[in-house]
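Asker: To start, I am sharing the structure in question, which I have written as structure tokens.
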Protein chains: 2
Amino acid sequence: MISDSTALDSAFLALADPVRRSIIARLSRGPATVNELAEPFEISKQAVSKHIQVLEQAQLVTRTRDAQRRPVHLNPARLEALTAWIDQYRLVREGQFRNLDAVLQSSAGQRGAKAKEQ
Amino acid sequence: MISDSTALDSAFLALADPVRRSIIARLSRGPATVNELAEPFEISKQAVSKHIQVLEQAQLVTRTRDAQRRPVHLNPARLEALTAWIDQYRLVREGQFRNLDAVLQSSAGQRGAKAKEQ
DNA sequence: TTATTTATCAACCTTTCGGTTGATTAAGAA
DNA sequence: TTCTTAATCAACCGAAAGGTTGATAAATAA
């Protein structure tokens, strides 16, 4: 699992923009060039190119070569890393119930749930 | 599922900061006051207060009252909404295989996977 | 070679973010 | 009432985000 703080920073930041999320959605249907990705938006191609660089730096996408084209590909592994981080905490309620169960059943107190990440 | 674009913006942006993720981690072990949340950090209490406001505006946390204290609580439902968004795309590979299976089995072409979100 | 296509680089601008310090509000305790 | 505790508000600052336009690079096509 990803736990490097700056990697999480850049990945979550990359998803915090509707244009970039839309690009992710498009790429989930297959690779695309910058021109193809820019087409649905009203902003300049340069602006879209920058968005792609943000996604690439966050390792949410990768790029290949095809003549002058630089096709962009989704990297689902990085998305999985993000759900893995979130799941640590979204499942906490359930975990606390499990702890409570353990306490009730063993009649021992104090099952200290240690924290993770930074 | 959450699909309002600005709600996703604010939620992902809120997670794109190590201090705020650390606060989420702390809250997963139970509610805490601003002073308690500020204690592990070297930044001012006002700065932490602002971070909490960012989390609150993103609906990742809620607040209650206890005399002068304003305890902060995690809202796991919002975290679930984010994994739900991500899972649309991180599971795409699998979805494409499913589509491929369908094509192979039905011998009909063109099962157009329509896009969602903006 | 020259022209075209694809994409990036560079400089610039405006807005937002993350932090600071100092003043203020609100509730309880003495 | 006065003092203390808990937290926010307000003004300010530097850095980064997201956009623009114009110039440039790199590969292909004519």
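Residue numbering restarts at 1 for every chain of the structure tokens, chains are lettered A, B, ... in their displayed order, and ligands are numbered from 1 as they appear.
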Within 9 Å of chain B, which residues of chain D come that close, and what is the closest atom pair and distance in Å for each? Count only C-alpha atoms (C1' of nucleotides) and give it as a Markdown table.
Answerer:
```
| residue | atom | partner | partner_atom | distance |
| --- | --- | --- | --- | --- |
| D:DT5 | C1' | B:Gln68 | CA | 7.9 |
| D:DA6 | C1' | B:Gln68 | CA | 5.4 |
| D:DA7 | C1' | B:Val34 | CA | 7.6 |
| D:DT8 | C1' | B:Gln46 | CA | 8.0 |
```
Asker: Using only C-alpha atoms (C1' of nucleotides), what table do you get, as a Markdown table, when you list each residue of chain C with an atom no more than 7 Å from chain B, its nearest pair of atoms, and their distance in Å rounded to one decimal, rows by chain then rising number?
Answerer:
```
| residue | atom | partner | partner_atom | distance |
| --- | --- | --- | --- | --- |
| C:DG19 | C1' | B:Ala47 | CA | 6.7 |
| C:DA26 | C1' | B:Gln68 | CA | 7.0 |
| C:DA27 | C1' | B:Gln68 | CA | 5.1 |
```
Asker: Starting from chain B, keep only residues with some atom at most 7 Å from an atom of chain A, counting only C-alpha atoms, and report them as a list in words.
Answerer: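 Output check: Ser5, Leu8, Asp9, Ser10, Phe12, Leu13, Leu15, Ala16, Asp17, Pro18, Ser22, Ala25, Ser28, Pro76, Leu79, Glu80, Thr83, Ile86, Tyr89, Arg90, Val92 and Gln118 of chain B.
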Asker: Figure out the distance between atom CA of A:Gln53 and atom C1' of C:DA11, please, to one decimal in Å.
Answerer: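 Straight-line distance from atom C1' of C:DA11 to atom CA of A:Gln53 works out to 18.6 Å.
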Asker: Using only C-alpha atoms (C1' of nucleotides), determine which residues lie at most 12 Å from C:DT14, disregarding the query and same-chain residues fewer than 3 positions distant; provide the list as a PyMOL selection string.
Answerer: chain D and resi 17-20
Asker: Report, in Å with one decimal, the straight-line distance from atom CA of B:Arg20 to atom CA of B:Val48.
Answerer: 8.6 Å
Asker: In Å, rounded to a single decimal, give me how far atom CA of B:Pro71 is from atom CA of B:Ala32.
Answerer: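 These atoms are spaced 5.2 Å apart.
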Asker: As a list in words, please: every residue in stretch 29-98 of chain A that a backbone DSSP assignment puts in strand (DSSP E).
Answerer: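 Taking stretch 29-98 of chain A and keeping strand (DSSP E) only, one gets Val61, Thr62, Arg63, Val72, His73 and Leu74 of chain A.
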Asker: Pull N, CA, C and O atoms from the residues just selected and write them as a compact mmCIF listing (two decimals), in the first residue's frame.
Answerer:
```txt
# COMPACT_ATOMS: atom_id res chain seq x y z
N VAL A 61 -1.65 8.36 -14.37
CA VAL A 61 -1.61 7.99 -15.79
C VAL A 61 -0.15 7.80 -16.21
O VAL A 61 0.76 8.28 -15.56
N THR A 62 0.02 7.10 -17.31
CA THR A 62 1.35 6.95 -17.92
C THR A 62 1.24 7.35 -19.38
O THR A 62 0.14 7.51 -19.91
N ARG A 63 2.41 7.50 -20.04
CA ARG A 63 2.39 7.92 -21.43
C ARG A 63 3.28 7.02 -22.27
O ARG A 63 4.32 6.55 -21.82
N VAL A 72 -2.01 8.78 -23.69
CA VAL A 72 -2.12 8.74 -22.23
C VAL A 72 -2.92 7.50 -21.85
O VAL A 72 -3.95 7.21 -22.45
N HIS A 73 -2.42 6.80 -20.81
CA HIS A 73 -3.07 5.57 -20.35
C HIS A 73 -3.39 5.69 -18.86
O HIS A 73 -2.57 6.21 -18.10
N LEU A 74 -4.52 5.19 -18.47
CA LEU A 74 -4.88 5.16 -17.05
C LEU A 74 -4.00 4.15 -16.32
O LEU A 74 -3.64 3.11 -16.87
```
